[in-house]
file structure12.txt (compact mmCIF, C-alpha atoms)
# COMPACT_ATOMS: atom_id res chain seq x y z
CA MET A 1 0.00 0.00 0.00
CA LYS A 2 1.28 3.47 -0.79
CA LYS A 3 2.20 5.50 2.25
CA VAL A 4 2.38 9.27 2.56
CA SER A 5 4.30 10.57 5.58
CA ILE A 6 3.95 13.96 7.14
CA ASP A 7 7.10 14.19 9.23
CA PRO A 8 7.37 16.25 11.30
CA ILE A 9 4.04 17.94 11.88
CA THR A 10 4.77 21.63 12.14
CA ARG A 11 3.56 24.91 13.52
CA LEU A 12 2.50 23.52 16.85
CA GLU A 13 4.33 22.51 20.03
CA GLY A 14 5.53 18.95 20.19
CA HIS A 15 6.74 16.25 17.89
CA GLY A 16 4.44 14.19 15.77
CA LYS A 17 4.16 12.35 12.52
CA ILE A 18 1.21 11.28 10.44
CA GLU A 19 1.27 8.18 8.24
CA ILE A 20 -1.42 8.01 5.57
CA PHE A 21 -2.00 4.67 3.84
CA LEU A 22 -3.64 4.88 0.38
CA ASN A 23 -5.48 2.01 -1.25
CA ASP A 24 -5.21 1.10 -4.94
CA ASP A 25 -7.81 3.69 -5.88
CA GLY A 26 -5.73 6.39 -4.27
CA ASP A 27 -8.24 6.87 -1.47
CA VAL A 28 -7.23 6.99 2.16
CA ALA A 29 -7.43 3.49 3.64
CA ASN A 30 -6.24 4.54 7.11
CA THR A 31 -4.27 7.27 8.87
CA TYR A 32 -2.12 6.99 11.96
CA PHE A 33 -0.91 9.80 14.21
CA GLN A 34 2.23 9.03 16.20
CA VAL A 35 4.11 10.91 18.92
CA PRO A 36 7.80 10.02 18.60
CA GLU A 37 9.00 11.63 21.81
CA LEU A 38 8.95 10.89 25.52
CA ARG A 39 10.72 12.74 28.31
CA GLY A 40 9.26 11.03 31.36
CA PHE A 41 8.12 13.90 33.59
CA GLU A 42 5.51 11.53 35.06
CA LYS A 43 8.32 9.50 36.59
CA PHE A 44 11.20 11.83 37.32
CA CYS A 45 9.05 14.30 39.24
CA GLU A 46 8.65 11.58 41.86
CA GLY A 47 11.07 12.28 44.71
CA ARG A 48 11.45 15.99 43.94
CA PRO A 49 10.43 18.44 46.70
CA VAL A 50 6.90 19.65 46.09
CA GLU A 51 7.86 23.33 46.20
CA GLU A 52 10.27 22.77 43.31
CA LEU A 53 7.61 21.24 41.07
CA PRO A 54 6.32 24.58 39.72
CA ARG A 55 9.82 25.24 38.39
CA ILE A 56 10.12 21.77 36.91
CA VAL A 57 6.75 21.12 35.30
CA THR A 58 6.73 24.50 33.62
CA ARG A 59 9.33 22.91 31.35
CA ILE A 60 6.81 20.45 30.03
CA CYS A 61 5.77 23.11 27.58
CA GLY A 62 7.53 26.42 27.03
CA VAL A 63 4.82 27.92 24.89
CA MET B 1 25.89 40.25 1.87
CA ALA B 2 23.81 37.25 0.84
CA LYS B 3 21.22 36.23 3.36
CA LEU B 4 22.35 33.64 5.85
CA LYS B 5 20.59 30.32 5.87
CA LEU B 6 19.32 29.72 9.39
CA ALA B 7 17.78 26.58 10.87
CA LEU B 8 16.29 25.98 14.29
CA TYR B 9 15.43 22.56 15.63
CA TRP B 10 14.10 21.07 18.85
CA ALA B 11 15.00 17.62 20.19
CA GLY B 12 13.90 16.64 23.73
CA ALA B 13 12.59 20.10 24.34
CA CYS B 14 9.57 22.06 25.48
CA GLY B 15 9.34 24.77 22.84
CA GLY B 16 10.55 27.43 25.28
CA CYS B 17 13.78 28.11 23.40
CA ASP B 18 11.88 28.54 20.16
CA VAL B 19 9.43 30.91 21.84
CA ALA B 20 12.39 32.75 23.37
CA VAL B 21 13.64 33.51 19.88
CA LEU B 22 10.20 34.96 19.15
CA ASP B 23 10.43 36.94 22.39
CA ILE B 24 12.84 39.30 20.69
CA ASN B 25 9.59 40.77 19.37
CA GLU B 26 10.01 43.23 16.52
CA LYS B 27 13.70 42.36 16.22
CA ILE B 28 12.57 39.12 14.57
CA LEU B 29 12.20 41.33 11.51
CA ASP B 30 15.93 42.05 11.72
CA VAL B 31 16.46 38.32 11.76
CA ALA B 32 14.24 37.96 8.71
CA ASN B 33 16.33 40.61 6.95
CA LEU B 34 19.51 38.88 7.90
CA ALA B 35 18.59 35.28 7.24
CA ASP B 36 16.32 32.91 5.38
CA ILE B 37 15.00 30.38 7.86
CA VAL B 38 15.16 27.05 6.09
CA PHE B 39 13.89 24.79 8.85
CA TRP B 40 11.93 25.61 12.04
CA PRO B 41 9.18 23.13 12.92
CA ILE B 42 7.41 25.38 15.44
CA ALA B 43 6.95 28.14 12.90
CA LEU B 44 7.49 26.88 9.36
CA ASP B 45 6.36 23.87 7.35
CA PHE B 46 9.67 22.42 6.18
CA LYS B 47 9.92 18.64 6.56
CA TYR B 48 12.79 16.32 7.37
CA HIS B 49 13.11 15.36 3.71
CA HIS B 50 13.81 19.01 2.87
CA VAL B 51 16.77 18.97 5.22
CA GLU B 52 17.95 15.61 3.91
CA ALA B 53 17.94 17.01 0.38
CA MET B 54 20.19 19.94 1.28
CA LYS B 55 23.85 19.92 0.33
CA ASP B 56 26.31 19.51 3.20
CA LYS B 57 27.08 22.80 4.94
CA ALA B 58 24.23 24.48 3.07
CA ILE B 59 22.90 25.84 6.36
CA ASP B 60 25.01 28.69 7.74
CA VAL B 61 23.84 28.49 11.34
CA CYS B 62 21.68 25.97 13.13
CA LEU B 63 20.33 26.71 16.60
CA PHE B 64 19.66 23.28 18.08
CA ASN B 65 17.74 23.11 21.34
CA GLY B 66 16.60 20.13 23.35
CA ALA B 67 18.34 17.11 24.86
CA ILE B 68 19.00 13.85 23.00
CA ARG B 69 17.44 10.61 24.16
CA SER B 70 16.01 8.97 21.07
CA SER B 71 17.30 7.61 17.80
CA GLU B 72 15.30 10.23 15.91
CA GLN B 73 16.83 13.07 17.94
CA GLU B 74 20.29 11.60 17.40
CA HIS B 75 19.60 11.30 13.67
CA LEU B 76 18.51 14.94 13.44
CA ALA B 77 21.57 16.04 15.43
CA LYS B 78 23.85 14.21 13.00
CA LEU B 79 21.88 15.38 9.97
CA LEU B 80 21.91 19.02 11.01
CA ARG B 81 25.57 18.76 11.93
CA ALA B 82 26.37 17.59 8.41
CA LYS B 83 24.21 20.24 6.75
CA SER B 84 25.37 23.18 8.92
CA LYS B 85 28.51 25.27 8.89
CA VAL B 86 27.94 26.39 12.47
CA LEU B 87 25.97 24.33 15.00
CA VAL B 88 24.93 26.10 18.20
CA SER B 89 23.90 24.15 21.28
CA PHE B 90 20.99 26.37 22.24
CA GLY B 91 19.44 26.34 25.70
CA SER B 92 20.15 24.32 28.82
CA CYS B 93 18.77 21.05 27.48
CA ALA B 94 21.15 20.91 24.53
CA CYS B 95 24.05 22.28 26.59
CA PHE B 96 23.70 20.27 29.80
CA GLY B 97 20.70 17.96 29.54
CA GLY B 98 18.30 20.36 31.18
CA ILE B 99 15.16 19.32 33.04
CA PRO B 100 14.69 16.22 30.82
CA ALA B 101 18.05 15.00 32.16
CA LEU B 102 16.38 14.46 35.54
CA ALA B 103 15.21 11.27 33.85
CA ASN B 104 18.78 10.05 34.40
CA LEU B 105 17.82 9.62 38.07
CA THR B 106 15.46 6.87 37.00
CA THR B 107 15.50 4.27 34.24
CA ARG B 108 13.93 3.98 30.83
CA ALA B 109 12.01 0.89 31.96
CA GLU B 110 10.56 2.69 34.97
CA ILE B 111 9.55 5.65 32.83
CA MET B 112 7.76 3.44 30.29
CA GLU B 113 6.02 1.55 33.08
CA ARG B 114 4.81 4.72 34.76
CA VAL B 115 3.72 6.55 31.64
CA TYR B 116 2.02 3.73 29.78
CA VAL B 117 0.88 1.33 32.48
CA GLU B 118 0.70 2.78 36.01
CA ALA B 119 -0.49 6.35 35.45
CA PRO B 120 -3.99 6.72 36.91
CA SER B 121 -5.46 8.29 33.79
CA ASN B 122 -4.43 5.36 31.57
CA ASP B 123 -6.79 2.82 30.07
CA ASN B 124 -4.29 0.16 29.05
CA PRO B 125 -5.34 -3.20 30.50
CA GLY B 126 -3.11 -5.05 28.02
CA LYS B 127 -0.08 -3.12 29.37
CA THR B 128 0.87 -2.25 25.81
CA LEU B 129 4.16 -0.36 25.49
CA PRO B 130 5.28 1.56 22.42
CA GLN B 131 7.44 -0.49 20.06
CA THR B 132 9.95 0.63 17.47
CA LYS B 133 8.11 -1.37 14.81
CA THR B 134 4.40 -2.14 14.81
CA GLN B 135 2.49 -4.07 12.15
CA VAL B 136 -0.94 -2.75 11.31
CA ALA B 137 -3.38 -4.00 8.68
CA GLU B 138 -2.11 -1.53 6.11
CA GLY B 139 1.61 -1.87 6.67
CA GLU B 140 4.30 -1.04 9.20
CA LEU B 141 4.56 1.89 11.59
CA THR B 142 7.84 2.90 13.18
CA LEU B 143 8.79 4.87 16.26
CA PRO B 144 12.27 5.96 17.33
CA GLU B 145 14.17 3.93 19.90
CA LEU B 146 14.43 5.60 23.29
CA PHE B 147 17.93 5.62 24.76
CA GLU B 148 18.79 4.52 28.28
CA SER B 149 20.11 8.00 29.15
CA VAL B 150 19.62 11.62 28.23
CA LEU B 151 22.60 13.13 26.41
CA THR B 152 23.69 16.66 25.61
CA LEU B 153 24.10 17.74 21.98
CA ALA B 154 27.89 17.88 22.30
CA GLN B 155 27.92 14.28 23.48
CA VAL B 156 26.49 13.26 20.10
CA VAL B 157 28.06 15.65 17.57
CA PRO B 158 30.76 18.37 17.66
CA VAL B 159 29.33 21.80 18.42
CA GLU B 160 30.74 25.27 17.74
CA TYR B 161 28.96 27.40 20.32
CA PHE B 162 26.93 27.06 23.49
CA VAL B 163 24.11 29.38 24.52
CA PRO B 164 22.87 28.35 27.97
CA GLY B 165 19.63 29.21 29.72
CA CYS B 166 16.19 27.86 30.30
CA PRO B 167 15.45 29.58 28.07
CA PRO B 168 18.35 31.78 26.92
CA THR B 169 17.50 35.38 27.67
CA VAL B 170 16.48 37.89 25.03
CA ASP B 171 19.76 39.77 25.60
CA LEU B 172 21.77 36.67 24.90
CA ILE B 173 19.77 35.83 21.79
CA LEU B 174 20.27 39.35 20.48
CA LYS B 175 23.99 39.01 21.15
CA VAL B 176 24.02 35.91 18.95
CA VAL B 177 21.98 37.62 16.22
CA ASN B 178 24.31 40.64 16.28
CA ALA B 179 27.39 38.47 16.16
CA LEU B 180 25.97 36.73 13.10
CA ALA B 181 25.00 40.00 11.45
CA THR B 182 28.41 41.57 11.94
CA ASN B 183 30.30 38.32 11.36
CA SER B 184 31.96 38.65 14.76
CA LEU B 185 31.41 35.30 16.41
CA PRO B 186 33.80 34.47 19.27
CA PRO B 187 36.39 31.67 19.03
CA VAL B 188 34.91 28.23 18.47
CA GLY B 189 33.90 26.43 21.64
CA ALA B 190 32.80 29.57 23.42
CA VAL B 191 29.86 29.68 25.80
CA ILE B 192 27.95 32.80 24.89
CA ALA B 193 27.22 34.19 28.37
CA SER B 194 29.37 35.63 31.15
CA ASN B 195 32.64 34.07 32.18
CA LYS B 196 31.93 34.72 35.83
CA THR B 197 29.41 33.32 38.27
CA LEU B 198 25.93 34.60 38.95
CA CYS B 199 27.11 36.03 42.28
CA ASP B 200 29.32 38.43 40.39
CA GLU B 201 26.38 40.14 38.71
CA CYS B 202 23.94 39.79 41.60
CA GLU B 203 23.07 43.12 43.15
CA ARG B 204 22.10 41.82 46.57
CA LYS B 205 24.12 42.80 49.61
CA LYS B 206 26.62 40.12 50.47
CA GLU B 207 28.00 39.93 53.98
CA GLU B 208 29.39 37.01 55.85
CA LYS B 209 28.32 33.62 54.59
CA LYS B 210 27.42 31.73 57.76
CA ILE B 211 24.15 29.86 58.09
CA THR B 212 22.75 27.61 60.76
CA LYS B 213 19.67 26.41 58.91
CA ILE B 214 18.70 25.70 55.36
CA TYR B 215 15.14 26.61 54.51
CA ARG B 216 12.99 25.14 51.77
CA THR B 217 11.71 27.89 49.51
CA HIS B 218 8.18 27.86 50.94
CA GLU B 219 9.35 28.16 54.55
CA ILE B 220 10.39 31.82 54.55
CA ILE B 221 9.77 35.00 52.65
CA PRO B 222 13.27 36.23 51.86
CA LYS B 223 14.34 39.85 52.24
CA PRO B 224 14.73 41.36 48.78
CA ASP B 225 18.10 43.02 49.26
CA LYS B 226 20.14 40.43 51.13
CA CYS B 227 22.03 37.47 49.63
CA LEU B 228 19.61 34.51 49.44
CA LEU B 229 22.25 31.99 50.45
CA GLU B 230 22.96 34.05 53.56
CA GLN B 231 19.26 33.87 54.40
CA GLY B 232 19.43 30.09 54.36
CA LEU B 233 17.92 29.41 50.95
CA LEU B 234 19.71 27.14 48.51
CA CYS B 235 20.81 29.50 45.77
CA MET B 236 22.95 27.92 43.08
CA GLY B 237 24.55 31.29 42.25
CA PRO B 238 28.08 30.47 43.45
CA ALA B 239 28.47 27.64 40.95
CA THR B 240 26.36 28.95 38.11
CA ARG B 241 27.52 30.90 35.09
CA GLY B 242 26.27 34.47 35.00
CA GLY B 243 24.92 36.41 32.06
CA CYS B 244 21.20 36.01 32.67
CA GLY B 245 20.78 39.30 34.52
CA THR B 246 19.88 37.39 37.71
CA LEU B 247 16.25 37.23 36.60
CA CYS B 248 15.16 34.71 39.23
CA VAL B 249 16.94 36.38 42.11
CA LYS B 250 15.38 39.71 41.12
CA VAL B 251 11.95 38.22 41.80
CA ASN B 252 13.08 36.85 45.14
CA ILE B 253 13.50 33.19 44.20
CA PRO B 254 16.86 31.46 44.46
CA CYS B 255 18.82 30.53 41.35
CA ARG B 256 18.48 26.94 40.18
CA GLY B 257 21.55 26.89 37.98
CA CYS B 258 20.10 26.88 34.47
CA PHE B 259 23.14 28.58 32.95
CA GLY B 260 25.28 25.61 33.91
CA PRO B 261 28.68 25.57 35.56
CA PRO B 262 30.92 28.63 35.32
CA ALA B 263 34.15 28.51 33.33
CA GLY B 264 36.62 26.10 34.83
CA VAL B 265 34.14 24.03 36.81
CA LEU B 266 33.81 20.44 35.66
CA ASP B 267 30.88 19.37 37.78
CA GLN B 268 28.28 21.89 38.90
CA GLY B 269 26.53 19.67 41.44
CA ALA B 270 29.71 18.72 43.26
CA LYS B 271 30.77 22.37 43.45
CA LEU B 272 27.39 23.26 44.96
CA VAL B 273 27.67 20.57 47.63
CA SER B 274 31.03 22.12 48.56
CA ALA B 275 29.67 25.63 48.54
CA VAL B 276 26.66 24.87 50.72
CA ALA B 277 28.48 22.62 53.17
CA SER B 278 31.28 25.12 53.62
CA ILE B 279 29.00 27.91 54.84
CA TYR B 280 26.89 25.83 57.21
CA GLN B 281 28.07 26.27 60.80
CA THR B 282 28.27 22.96 62.61
CA ASN B 283 29.37 21.95 66.08
CA GLY B 284 29.36 18.21 65.83
CA ASP B 285 27.58 15.30 64.27
CA GLU B 286 24.10 16.37 65.30
CA ASP B 287 24.41 19.65 63.43
CA ILE B 288 25.79 17.84 60.40
CA ALA B 289 22.91 15.37 60.43
CA ARG B 290 20.46 18.24 60.67
CA MET B 291 22.04 20.02 57.71
CA VAL B 292 21.88 16.90 55.57
CA ASN B 293 18.23 16.51 56.51
CA GLU B 294 17.44 20.08 55.59
CA VAL B 295 18.56 19.56 51.99
CA ALA B 296 15.55 17.64 50.79
CA ASP B 297 16.83 16.49 47.39
CA PRO B 298 20.54 17.17 46.77
CA ALA B 299 20.86 15.35 43.43
CA GLY B 300 17.68 16.83 41.99
CA THR B 301 18.45 20.34 43.22
CA PHE B 302 22.20 20.63 42.62
CA TYR B 303 21.97 18.88 39.26
CA ARG B 304 18.61 20.37 38.34
CA PHE B 305 19.65 21.34 34.80
CA GLY B 306 22.99 19.62 34.40
CA LEU B 307 22.81 15.90 35.02
CA SER B 308 23.92 14.88 31.52
CA ASP B 309 26.85 17.28 31.75
CA SER B 310 27.99 16.01 35.18
CA MET B 311 30.76 13.52 35.85
CA LEU B 312 28.49 10.67 36.87
CA LYS B 313 25.80 11.54 34.30
CA LYS B 314 23.22 9.15 35.66
CA LYS B 315 22.15 6.95 38.51
CA ARG B 316 24.28 3.83 38.76
CA LEU B 317 22.01 0.85 38.96
CA GLN B 318 22.65 -2.21 41.10
CA ARG B 319 24.46 -4.86 39.11
CA ARG B 320 22.47 -8.05 38.98
CA MET C 1 25.63 15.61 52.20
CA LEU C 2 27.83 14.23 49.44
CA LYS C 3 26.93 10.73 50.64
CA LYS C 4 23.22 11.57 50.49
CA MET C 5 23.60 12.87 46.95
CA LEU C 6 25.71 9.92 45.83
CA ALA C 7 23.10 7.55 47.26
CA GLN C 8 20.53 9.25 45.04
CA LEU C 9 22.91 8.61 42.15
CA GLY C 10 23.08 4.93 43.04
CA ILE C 11 26.48 4.96 44.75
CA GLU C 12 26.39 3.32 48.18
CA GLU C 13 27.63 5.45 51.04
CA GLN C 14 30.12 2.79 52.08
CA ARG C 15 32.14 3.66 48.98
CA VAL C 16 32.98 7.09 50.41
CA ARG C 17 34.94 7.77 53.56
CA LEU C 18 36.49 10.88 55.05
CA ASP C 19 39.23 10.56 57.63
CA TRP C 20 42.15 12.64 58.86
CA VAL C 21 45.48 10.90 59.26
CA SER C 22 48.73 12.68 60.05
CA ALA C 23 52.03 11.79 58.40
CA SER C 24 53.20 10.15 61.60
CA GLU C 25 50.25 7.74 61.83
CA GLY C 26 51.55 5.17 59.36
CA ASP C 27 49.89 2.16 60.98
CA ARG C 28 46.54 3.90 61.21
CA PHE C 29 46.76 4.91 57.57
CA ALA C 30 47.47 1.33 56.53
CA SER C 31 44.61 -0.11 58.57
CA ILE C 32 42.10 2.48 57.28
CA ILE C 33 43.12 1.74 53.68
CA ASN C 34 42.82 -1.99 54.23
CA GLU C 35 39.40 -1.62 55.87
CA MET C 36 38.17 0.56 53.04
CA THR C 37 39.55 -1.79 50.39
CA GLU C 38 37.70 -4.75 51.89
CA GLN C 39 34.53 -2.71 52.30
CA VAL C 40 34.50 -1.66 48.65
CA ARG C 41 35.48 -5.13 47.46
CA ALA C 42 32.52 -6.59 49.34
CA LEU C 43 30.20 -4.18 47.55
CA GLY C 44 31.37 -5.35 44.16
CA PRO C 45 31.87 -3.30 41.01
CA LEU C 46 29.70 -0.33 40.14
CA SER C 47 27.33 -0.69 37.23
CA ARG C 48 29.06 0.13 33.95
CA ASP C 49 26.22 2.42 32.98
CA ASN C 50 27.87 5.77 32.42
CA GLY C 51 25.13 7.76 30.80
CA GLY C 52 25.64 6.71 27.19
CA LYS C 53 22.74 6.07 24.87
CA ASN C 54 22.71 2.36 25.65
CA GLY C 55 23.60 2.79 29.32
call {"tool": "encode", "arguments": {"input": "structure12.txt", "output": "structure tokens"}}
result
Amino acid sequence: MKKVSIDPITRLEGHGKIEIFLNDDGDVANTYFQVPELRGFEKFCEGRPVEELPRIVTRICGV
Amino acid sequence: MAKLKLALYWAGACGGCDVAVLDINEKILDVANLADIVFWPIALDFKYHHVEAMKDKAIDVCLFNGAIRSSEQEHLAKLLRAKSKVLVSFGSCACFGGIPALANLTTRAEIMERVYVEAPSNDNPGKTLPQTKTQVAEGELTLPELFESVLTLAQVVPVEYFVPGCPPTVDLILKVVNALATNSLPPVGAVIASNKTLCDECERKKEEKKITKIYRTHEIIPKPDKCLLEQGLLCMGPATRGGCGTLCVKVNIPCRGCFGPPAGVLDQGAKLVSAVASIYQTNGDEDIARMVNEVADPAGTFYRFGLSDSMLKKKRLQRR
Amino acid sequence: MLKKMLAQLGIEEQRVRLDWVSASEGDRFASIINEMTEQVRALGPLSRDNGGKNG
């Protein structure tokens, strides 16, 4: 099946790619959105002092 | 002078460095006069294949922000290195690892488990984890491989300049833009900030450094004109490069070291342990025990932005 | 405090020791070194993970 990739998606915050699979008629058979990044804030914030969290989690998104 | 070709890219980043470039407000028009931006995912629609099609060294300057912890980020670092004459490690993440480097205090396996299985908002009874290759009815989908550790840009490719900060300040960014415009970049390898510590540019009154208690930031309201370290707050100023204009200290919160170690210091966290321990007045083991107790999270605080750039770089796991 | 931080970085506190020994305390120096050597040997090698992309 033919595949069209949009990589990376742009003009927004974050990383993403879109894979579009086309059938033989050239119509869209299926589309997948993937997020190819992971930093792990959910885990490494554990064990940090609570009063430091506002200065840490603000780095999840700088926009 | 022909317009420079400028690229900006983000790896393990938050977008803050890209927004910081936009924070120069109307001066972005000067940048537009000076350069053609050929790649900038947050703002422009160029794709990876556009970069891959460029000739080597076609890009004059690339500002690369974000830490490296995936095969895709490593690939882009190598790609942009090949296509750029000058590669700038932009922001604390690219320079030192930044906040994402705190992940080096845990493991990749634990992160995956927490994010995809344990987190309370998940609905993943099959405990599915992301895979680098997944077969779907229509074909194959791929995802990058996540590395065991978070790396700085310079640990992956050679870099010409370093601009620290979380994010780099507008002043610093304008310095870089001016240097490009007037073709007056410093010698290769330079960190574009101050060569002294934060304390040197801090305007607070500094007297004798002797403390008998370390306070957590919510425990006291500090006086605005006295050194924060002298008031018992953990301020990373003594072992942090200056050049940021002491923005945090000016709003009465202690520095957390985002500009990285000053010139000549190999390991910022170790220097901070020294600095704090040397000013704490102790009269025996009980006082020492109390001091250690008062510092709630030494590794996470003293290496807040610089774990990848430290000597140990990450938590050593028990050998099986 | 260094020990507390090293523990967070996965390095056991028994691997670090601070002592003061004068130049005239040869025997004491030798016995401290021997003690420390055995202590570290019993702990075994540190993990080889040094922060590279594959650990």
call {"tool": "residues_around", "arguments": {"input": "structure12.txt", "residues": "segment 1-13 of chain C", "least_positions_apart": "6", "cutoff": "7 Å", "atoms": "all atoms listed in the file", "output": "list in words"}}
result
Leu105, Val273, Val292, Pro298, Ala299, Lys314, Lys315, Arg316 and Leu317 of chain B
call {"tool": "interface_residues", "arguments": {"input": "structure12.txt", "of": "chain A", "to": "chain B", "cutoff": "6 Å", "atoms": "all atoms listed in the file", "output": "PyMOL selection string"}}
result
chain A and resi 7-8+10-12+36+39-40+43-44+59-63
call {"tool": "atom_distance", "arguments": {"input": "structure12.txt", "atom1": "atom CA of Lys213 of chain B", "atom2": "atom CA of Glu201 of chain B"}}
result
25.3 Å
call {"tool": "atom_distance", "arguments": {"input": "structure12.txt", "atom1": "atom CA of Val191 of chain B", "atom2": "atom CA of Phe162 of chain B"}}
result
4.6 Å
call {"tool": "closest_residue", "arguments": {"input": "structure12.txt", "among": "A:Met1, A:Arg55, A:Arg48, A:Ile6", "to": "chain C", "atoms": "only C-alpha atoms"}}
result
A:Arg48
call {"tool": "atom_distance", "arguments": {"input": "structure12.txt", "atom1": "atom CA of Cys93 of chain B", "atom2": "atom CA of Asp49 of chain C"}}
result
20.8 Å
call {"tool": "residues_around", "arguments": {"input": "structure12.txt", "residues": "segment 206-211 of chain B", "least_positions_apart": "4", "cutoff": "9 Å", "atoms": "all atoms listed in the file", "output": "PyMOL selection string"}}
result
chain B and resi 226-227+229-232+278-281
call {"tool": "residues_around", "arguments": {"input": "structure12.txt", "residues": "Ala29 of chain A", "least_positions_apart": "4", "cutoff": "8 Å", "atoms": "only C-alpha atoms", "output": "PyMOL selection string"}}
result
(chain A and resi 20-23) or (chain B and resi 138)
call {"tool": "residues_around", "arguments": {"input": "structure12.txt", "residues": "Leu4 of chain B", "least_positions_apart": "3", "cutoff": "8 Å", "atoms": "only C-alpha atoms", "output": "MDAnalysis selection string"}}
result
chainID B and resid 34:36 59:61
call {"tool": "closest_residue", "arguments": {"input": "structure12.txt", "among": "B:Thr152, B:Ser274, B:Thr212, B:Ser89", "to": "Glu74 of chain B", "atoms": "all atoms listed in the file"}}
result
B:Thr152
call {"tool": "residues_around", "arguments": {"input": "structure12.txt", "residues": "Val249 of chain B", "least_positions_apart": "3", "cutoff": "12 Å", "atoms": "all atoms listed in the file", "output": "ChimeraX atom specification"}}
result
/B:198-199,201-204,222-229,233-237,242,244-246,252-257
